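Asks: I have a structure I would like to understand better, so I am pasting it below and will then ask my questions one at a time.
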Number of protein chains: 2
Amino acid sequence: MRTIKAFGTTAASEPLKPMDIVRREVGLKDIKIAITHCGVCHSDIHTARNEWNNSKYPVVPGHEIIGKVIGVGADVTQFKEGDLVGVGCLVDSCHHCPPCNRHLEQFCEKGATFTYNSHDKHIKGQQTYGGYATEVVVDEQFVLRIPKNIDPAAAAPLLCAGITTWSPLRHWKVKKGDKVGVVGLGGLGHMGVKFANALGAKVVMITTSPEKAKDAKSLGAHEVLISKNKEEMAAHNNSFDFILNTIPVGHEMDPYIGLLKIDATMVLVGAVENLKPFHGGGIIGGRKRIAGSLIGGIKETQEMLDFCGEHNIVSDIELINMQDINNAYDRVIKSDVKYRFVIDMESLKD
Amino acid sequence: MRTIKAFGTTAASEPLKPMDIVRREVGLKDIKIAITHCGVCHSDIHTARNEWNNSKYPVVPGHEIIGKVIGVGADVTQFKEGDLVGVGCLVDSCHHCPPCNRHLEQFCEKGATFTYNSHDKHIKGQQTYGGYATEVVVDEQFVLRIPKNIDPAAAAPLLCAGITTWSPLRHWKVKKGDKVGVVGLGGLGHMGVKFANALGAKVVMITTSPEKAKDAKSLGAHEVLISKNKEEMAAHNNSFDFILNTIPVGHEMDPYIGLLKIDATMVLVGAVENLKPFHGGGIIGGRKRIAGSLIGGIKETQEMLDFCGEHNIVSDIELINMQDINNAYDRVIKSDVKYRFVIDMESLKD
């Protein structure tokens, strides 16, 4: 075991601050990574502040990790020192249950090990600590390869915001020419727009905020639909092949259900909260579907990263120092970021 | 045009009573049917009492129609006098839009013509009148063939309750060995149990009422799950391949969402009302789906009827006289029927 520098919080009401944590030694199949960047996800804030009522303290958040390999276990076959790698929301699973066999480790029946705030199988009595730290040790099966041609800092959010939006677009087979709505323009939504555009869809940004129209178009939206405008919404009734709904809080769903074609699906990726009541007639009268999707498995995450390499896709980010994290959290909550904060982990060494 | 005997109502607050209505003459492609039986669907009550706020009076309900062909138009090719036939919820559609081309006339983009309370294309200024009548004239493309080996009275509810439950089971490809839940044991639910059993599924009746267990098993359920029993529900967590939800009113969905396997779907066929708020985490954490389904197209309805002929499947019914309809409505509302009332239309001739 080895003590390293990190940033975390000891209670829901406390700000994040420097702390020392321990990482396990490099096991036979482990990769040791010197973290260069870590994205700031809204889940980090939910966990730091115990908003999902499941936080174990101290909490060291961070699951959009980019770094360099600085150590490999004896049985590691896929990576070598110096490789540019990433770690997302998952660091382990049982490897044997039906979801694991289907490359859906996020739904592991024994319970996936998430990058932070999960039971740590390797260090007794300790939960997992995330990427707001100088180093991390991870089983090679949960380490991703980052394409060399993309900016590592801007690649960090691909590990969570990227795969969260990529996975449903792929699973529901969004294809060239499909009319795809992306609801909400934040960290997730801006990646949804980029991916849907790159997959050849006709992308409609659906937002409450007319002032976001210009940005949405520069990100790849072909059209912007203001959801508060009932006439505009009615003109798009029953016309969408797929809707990716990134709204992070409970909300009305009827207006979006109305937009779906017969047999089309709206997938929720953000709202881990109670939704507002919706009318059963909206889905019955058109065999419409509402579904959920949670990040994505490791294989699919690698496919997404490879796609990003081929298409030069990264997130739009604002680089910050580790010491700015509490201010960054406040700004995330106000949606005052275009579109993801990424921590430059050099700053933690100071 | 021809005047015939019917039963209907002139206002939401009025009981049903005898009335005369007109039917069109038999057109080139029309079938004229002497109605022998008509099922009593909850939608009949909703429409008679204007509970969906779209009723045009007088309302003559009835869309589970069985009868004998007593006249055919010159261009009719599929039917002849004396044939035993059925008419369900649909009597016309545009025939040319994408849903119609996919045999989904119920979702016709120009608006399907429903058997009652729709604009009647043939009689100016009149809405369509349903099967609480001695005769009906229908385009042959919307007439179904009833297998000769099944009881015509008990076949009537197949035209709505049957297809409403059959269609989602088929569309979501329920197959041998699947664990299928049917929520709610009424007119729809009892057909759902019969069909899911006949398709080879392991059928679990999910109900609030322990006293329904014996009946559910005699209908074909292999197991009964009492939804109020939290421990029993927890034991079935994440285990269902498919859930057919026939609850006809707004209700909590979280308990049923919890029962679904990863990637599994719950289909609502009854609740044309606001659902209670559900938690987004329930569908996100398992890529689960909630969908709706509305009756079924004509081709699929014929397939269902043919399947019923092959497997000797009919509804469990209570045969009543037309004059008993108001009492029957009151009993339907109290769920005091096993499991569908069917009107013996002989009684209307008296």
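Ordered as shown in the structure tokens, chains take letters A, B, and onward, while each chain numbers its residues from 1 and ligands are numbered from 1 in the order shown.
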Taking only C-alpha atoms into account, find every residue of chain A that has an atom no more than 6 Å from chain B, and write it out as a list in words.

Replies: Ala271, Val272, Glu273, Asn274, Leu275, Lys276, Pro277, Phe278, His279, Gly280, Gly281, Ile283, Ile284, Gly285, Arg287, Lys288, Arg289, Ile290, Ala291, Gly292, Ser293 and Leu294 of chain A

Asks: Restricted to N, CA and C atoms, what would the selected residues look like written as an mmCIF file, in the first residue's frame?

Replies:
```cif
data_model
loop_
_atom_site.group_PDB
_atom_site.id
_atom_site.type_symbol
_atom_site.label_atom_id
_atom_site.label_comp_id
_atom_site.auth_asym_id
_atom_site.auth_seq_id
_atom_site.Cartn_x
_atom_site.Cartn_y
_atom_site.Cartn_z
ATOM 1 N N ALA A 271 -31.940 11.695 -15.365
ATOM 2 C CA ALA A 271 -32.887 11.966 -14.276
ATOM 3 C C ALA A 271 -32.982 10.810 -13.288
ATOM 4 N N VAL A 272 -32.016 10.744 -12.372
ATOM 5 C CA VAL A 272 -32.076 9.734 -11.304
ATOM 6 C C VAL A 272 -32.893 10.352 -10.168
ATOM 7 N N GLU A 273 -34.130 10.637 -10.483
ATOM 8 C CA GLU A 273 -35.053 11.301 -9.560
ATOM 9 C C GLU A 273 -36.463 10.888 -9.950
ATOM 10 N N ASN A 274 -37.441 11.276 -9.136
ATOM 11 C CA ASN A 274 -38.823 11.045 -9.531
ATOM 12 C C ASN A 274 -39.176 11.919 -10.721
ATOM 13 N N LEU A 275 -39.731 11.295 -11.758
ATOM 14 C CA LEU A 275 -40.248 12.050 -12.889
ATOM 15 C C LEU A 275 -41.636 12.565 -12.554
ATOM 16 N N LYS A 276 -42.060 13.616 -13.238
ATOM 17 C CA LYS A 276 -43.433 14.091 -13.071
ATOM 18 C C LYS A 276 -44.389 13.048 -13.672
ATOM 19 N N PRO A 277 -45.635 13.017 -13.204
ATOM 20 C CA PRO A 277 -46.588 12.047 -13.772
ATOM 21 C C PRO A 277 -46.729 12.258 -15.277
ATOM 22 N N PHE A 278 -46.778 11.181 -16.035
ATOM 23 C CA PHE A 278 -47.059 11.334 -17.462
ATOM 24 C C PHE A 278 -48.328 10.566 -17.785
ATOM 25 N N HIS A 279 -48.920 10.889 -18.929
ATOM 26 C CA HIS A 279 -50.207 10.304 -19.285
ATOM 27 C C HIS A 279 -49.996 9.014 -20.069
ATOM 28 N N GLY A 280 -50.585 7.934 -19.573
ATOM 29 C CA GLY A 280 -50.442 6.635 -20.236
ATOM 30 C C GLY A 280 -50.877 6.664 -21.691
ATOM 31 N N GLY A 281 -51.874 7.494 -21.997
ATOM 32 C CA GLY A 281 -52.355 7.576 -23.377
ATOM 33 C C GLY A 281 -51.264 7.983 -24.356
ATOM 34 N N ILE A 283 -48.115 7.079 -24.501
ATOM 35 C CA ILE A 283 -47.311 5.959 -25.011
ATOM 36 C C ILE A 283 -48.194 4.870 -25.613
ATOM 37 N N ILE A 284 -49.425 4.725 -25.078
ATOM 38 C CA ILE A 284 -50.334 3.692 -25.618
ATOM 39 C C ILE A 284 -50.732 4.053 -27.050
ATOM 40 N N GLY A 285 -51.048 5.323 -27.273
ATOM 41 C CA GLY A 285 -51.488 5.762 -28.596
ATOM 42 C C GLY A 285 -50.316 5.980 -29.524
ATOM 43 N N ARG A 287 -47.631 3.186 -29.435
ATOM 44 C CA ARG A 287 -46.681 2.123 -29.036
ATOM 45 C C ARG A 287 -45.301 2.718 -28.773
ATOM 46 N N LYS A 288 -45.293 3.843 -28.074
ATOM 47 C CA LYS A 288 -44.044 4.549 -27.807
ATOM 48 C C LYS A 288 -43.364 3.969 -26.576
ATOM 49 N N ARG A 289 -42.080 4.301 -26.420
ATOM 50 C CA ARG A 289 -41.318 3.707 -25.337
ATOM 51 C C ARG A 289 -40.500 4.755 -24.588
ATOM 52 N N ILE A 290 -40.418 4.555 -23.278
ATOM 53 C CA ILE A 290 -39.524 5.346 -22.430
ATOM 54 C C ILE A 290 -38.543 4.352 -21.828
ATOM 55 N N ALA A 291 -37.268 4.640 -21.932
ATOM 56 C CA ALA A 291 -36.278 3.700 -21.415
ATOM 57 C C ALA A 291 -35.224 4.463 -20.642
ATOM 58 N N GLY A 292 -34.386 3.725 -19.952
ATOM 59 C CA GLY A 292 -33.250 4.311 -19.276
ATOM 60 C C GLY A 292 -31.967 3.697 -19.804
ATOM 61 N N SER A 293 -30.855 4.366 -19.540
ATOM 62 C CA SER A 293 -29.561 3.808 -19.935
ATOM 63 C C SER A 293 -28.513 4.334 -18.963
ATOM 64 N N LEU A 294 -27.598 3.475 -18.577
ATOM 65 C CA LEU A 294 -26.597 3.815 -17.559
ATOM 66 C C LEU A 294 -25.196 3.610 -18.133
#
```

Asks: Using only C-alpha atoms, which residues sit within 12 Å of A:Arg2 once same-chain residues fewer than 3 positions away are excluded, as an MDAnalysis selection string?

Replies: chainID A and resid 5 20:26 32 123 134:137

Asks: Please identify all polymer residues within 9 Å of A:Ile65, counting only C-alpha atoms, omitting same-chain residues fewer than 6 positions from it, and present them as a list of chain:residue names.

Replies: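 My reading of the contact set: A:Ile35, A:Thr36, A:His37, A:Cys38, A:Gly39, A:Val85, A:Gly86, A:Val87, A:Gly88, A:Cys89, A:Gly130, A:Gly131, A:Tyr132, A:Ala156, A:Pro157, A:Leu159.
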
Asks: For atom CA of B:Ser93 and atom CA of B:Phe195, determine how far apart the two atoms are, in Å to one decimal place.

Replies: 27.4 Å

Asks: Between A:Leu305, A:Val76, A:Ile247, A:Val342, which one has atoms that come closest to A:Lys148, using only C-alpha atoms?

Replies: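 Comparing A:Leu305, A:Val76, A:Ile247, A:Val342 against A:Lys148, the winner is A:Leu305.
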
Asks: Could you tell me, as a PyMOL selection string, which residues of stretch 78-308 of chain B DSSP assigns to helix (DSSP H, G or I) when given the backbone?

Replies: chain B and resi 98-101+105-107+140-142+152-159+161-171+187-198+210-219+230-235+254-259+280-284+298-308

Asks: Neighbouring residues of stretch 215-223 of chain B were defined as those with any atom within 6 Å, considering only C-alpha atoms; residues of the same chain fewer than 6 positions away were excluded. Please report them as a list in words.

Replies: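 Answer for this query is Val193, Lys194, Asn197, Val203, Val204 and Met205 of chain B.
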
Asks: Go ahead and dump the residues you just picked, N, CA and C atoms, as an mmCIF file, in the first residue's frame.

Replies:
```
data_model
loop_
_atom_site.group_PDB
_atom_site.id
_atom_site.type_symbol
_atom_site.label_atom_id
_atom_site.label_comp_id
_atom_site.auth_asym_id
_atom_site.auth_seq_id
_atom_site.Cartn_x
_atom_site.Cartn_y
_atom_site.Cartn_z
ATOM 1 N N VAL B 193 -53.162 -13.738 -19.504
ATOM 2 C CA VAL B 193 -52.713 -14.990 -18.875
ATOM 3 C C VAL B 193 -52.881 -16.162 -19.846
ATOM 4 N N LYS B 194 -54.042 -16.229 -20.484
ATOM 5 C CA LYS B 194 -54.284 -17.342 -21.417
ATOM 6 C C LYS B 194 -53.289 -17.333 -22.573
ATOM 7 N N ASN B 197 -49.605 -18.078 -21.477
ATOM 8 C CA ASN B 197 -49.501 -19.515 -21.220
ATOM 9 C C ASN B 197 -49.426 -20.292 -22.538
ATOM 10 N N VAL B 203 -45.931 -18.048 -16.583
ATOM 11 C CA VAL B 203 -46.810 -16.896 -16.361
ATOM 12 C C VAL B 203 -47.002 -16.631 -14.871
ATOM 13 N N VAL B 204 -46.723 -15.408 -14.482
ATOM 14 C CA VAL B 204 -46.937 -14.999 -13.098
ATOM 15 C C VAL B 204 -48.033 -13.932 -13.081
ATOM 16 N N MET B 205 -49.134 -14.258 -12.412
ATOM 17 C CA MET B 205 -50.196 -13.275 -12.234
ATOM 18 C C MET B 205 -49.785 -12.351 -11.100
#
```

Asks: Among stretch 30-166 of chain B, which residues does DSSP mark as strand (DSSP E) when it is run on the backbone? Keep the chain and numbering as in the structure and answer as a PyMOL selection string.

Replies: chain B and resi 30-39+65-72+84-87+90-92+113-114+135-139+144-145

Asks: Could you name the residues that touch B:Met19 at 9 Å or less, counting only C-alpha atoms, but leaving out those on the same chain fewer than 3 positions away, as a ChimeraX atom specification?

Replies: /B:4-9

Asks: Find the residues near stretch 316-323 of chain B: any atom within 9 Å, counting only C-alpha atoms, skip ones fewer than 3 places away on the same chain, and give them as a CSV table (one decimal) with N, CA, C and O atoms, in the first residue's frame.

Replies:
```
chain,number,residue,atom,x,y,z
B,7,PHE,N,-79.0,0.2,-29.0
B,7,PHE,CA,-79.0,0.6,-27.6
B,7,PHE,C,-77.9,1.7,-27.5
B,7,PHE,O,-76.8,1.4,-27.9
B,16,LEU,N,-78.2,3.8,-20.8
B,16,LEU,CA,-78.5,3.4,-22.1
B,16,LEU,C,-79.9,2.9,-22.3
B,16,LEU,O,-80.5,2.4,-21.3
B,17,LYS,N,-80.4,3.1,-23.5
B,17,LYS,CA,-81.8,2.8,-23.7
B,17,LYS,C,-82.0,2.4,-25.2
B,17,LYS,O,-81.1,2.8,-26.0
B,18,PRO,N,-83.1,1.8,-25.6
B,18,PRO,CA,-83.3,1.5,-27.0
B,18,PRO,C,-83.4,2.8,-27.8
B,18,PRO,O,-83.9,3.8,-27.4
B,39,GLY,N,-69.4,-7.9,-27.1
B,39,GLY,CA,-68.8,-7.8,-25.8
B,39,GLY,C,-68.9,-6.4,-25.2
B,39,GLY,O,-69.2,-5.4,-25.9
B,132,TYR,N,-73.8,-2.4,-30.3
B,132,TYR,CA,-75.0,-2.6,-29.5
B,132,TYR,C,-76.2,-2.4,-30.4
B,132,TYR,O,-76.9,-1.4,-30.3
B,153,ALA,N,-70.1,-16.6,-28.9
B,153,ALA,CA,-70.3,-15.6,-27.8
B,153,ALA,C,-69.0,-15.3,-27.0
B,153,ALA,O,-68.6,-14.2,-26.8
B,154,ALA,N,-68.3,-16.4,-26.7
B,154,ALA,CA,-67.0,-16.3,-26.0
B,154,ALA,C,-65.9,-15.7,-26.8
B,154,ALA,O,-64.8,-15.3,-26.3
B,157,PRO,N,-65.1,-11.1,-27.1
B,157,PRO,CA,-64.1,-10.2,-26.4
B,157,PRO,C,-62.7,-10.3,-27.0
B,157,PRO,O,-61.8,-9.5,-26.8
B,187,GLY,N,-60.9,-8.2,-17.6
B,187,GLY,CA,-61.1,-8.6,-19.0
B,187,GLY,C,-59.8,-8.7,-19.8
B,187,GLY,O,-59.6,-9.7,-20.5
B,190,HIS,N,-57.1,-11.5,-17.9
B,190,HIS,CA,-57.4,-12.9,-18.0
B,190,HIS,C,-57.1,-13.4,-19.4
B,190,HIS,O,-56.6,-14.5,-19.6
B,191,MET,N,-57.2,-12.5,-20.4
B,191,MET,CA,-56.7,-12.9,-21.8
B,191,MET,C,-55.2,-13.0,-21.9
B,191,MET,O,-54.6,-13.8,-22.5
B,326,ASN,N,-77.2,-1.6,-18.4
B,326,ASN,CA,-76.8,-0.5,-17.3
B,326,ASN,C,-76.3,-1.2,-16.0
B,326,ASN,O,-75.4,-0.7,-15.4
B,327,ASN,N,-77.0,-2.3,-15.7
B,327,ASN,CA,-76.5,-3.0,-14.5
B,327,ASN,C,-75.1,-3.6,-14.8
B,327,ASN,O,-74.3,-3.6,-13.9
B,328,ALA,N,-75.0,-4.1,-16.0
B,328,ALA,CA,-73.6,-4.7,-16.3
B,328,ALA,C,-72.6,-3.6,-16.2
B,328,ALA,O,-71.5,-3.9,-15.7
B,337,VAL,N,-67.2,-9.1,-12.5
B,337,VAL,CA,-67.5,-9.9,-13.7
B,337,VAL,C,-66.3,-10.8,-14.0
B,337,VAL,O,-65.2,-10.4,-13.9
B,338,LYS,N,-66.6,-12.1,-14.3
B,338,LYS,CA,-65.6,-13.0,-14.7
B,338,LYS,C,-65.8,-13.5,-16.1
B,338,LYS,O,-66.6,-14.4,-16.3
B,339,TYR,N,-65.1,-13.0,-17.1
B,339,TYR,CA,-64.3,-11.8,-17.0
B,339,TYR,C,-64.7,-10.7,-18.0
B,339,TYR,O,-64.1,-9.7,-18.1
B,340,ARG,N,-65.8,-11.1,-18.7
B,340,ARG,CA,-66.3,-10.1,-19.7
B,340,ARG,C,-67.8,-10.4,-19.9
B,340,ARG,O,-68.2,-11.5,-20.0
B,341,PHE,N,-68.6,-9.3,-19.9
B,341,PHE,CA,-70.0,-9.5,-20.3
B,341,PHE,C,-70.0,-9.5,-21.8
B,341,PHE,O,-69.3,-8.7,-22.5
B,342,VAL,N,-70.9,-10.4,-22.3
B,342,VAL,CA,-71.2,-10.4,-23.7
B,342,VAL,C,-72.7,-10.3,-23.9
B,342,VAL,O,-73.5,-11.1,-23.2
B,343,ILE,N,-73.2,-9.4,-24.7
B,343,ILE,CA,-74.6,-9.2,-25.0
B,343,ILE,C,-75.1,-10.2,-26.0
B,343,ILE,O,-74.5,-10.4,-27.1
B,344,ASP,N,-76.1,-11.0,-25.6
B,344,ASP,CA,-76.8,-11.9,-26.6
B,344,ASP,C,-77.7,-11.0,-27.4
B,344,ASP,O,-78.8,-10.5,-26.9
B,345,MET,N,-77.4,-10.7,-28.7
B,345,MET,CA,-78.1,-9.7,-29.4
B,345,MET,C,-79.5,-10.1,-29.8
B,345,MET,O,-80.3,-9.3,-30.3
B,346,GLU,N,-79.8,-11.5,-29.7
B,346,GLU,CA,-81.2,-11.9,-29.9
B,346,GLU,C,-82.1,-11.1,-29.0
B,346,GLU,O,-83.3,-10.8,-29.4
B,347,SER,N,-81.6,-10.7,-27.8
B,347,SER,CA,-82.5,-10.0,-26.9
B,347,SER,C,-83.0,-8.7,-27.4
B,347,SER,O,-84.0,-8.1,-27.0
B,348,LEU,N,-82.2,-8.1,-28.3
B,348,LEU,CA,-82.6,-6.8,-28.8
B,348,LEU,C,-83.7,-6.8,-29.8
B,348,LEU,O,-84.4,-5.8,-30.0
```

Asks: Near B:Ile226, within 6 Å and counting only C-alpha atoms, which residues show up once chain neighbours fewer than 2 positions away are dropped, as a PyMOL selection string?

Replies: chain B and resi 206-208+228-229
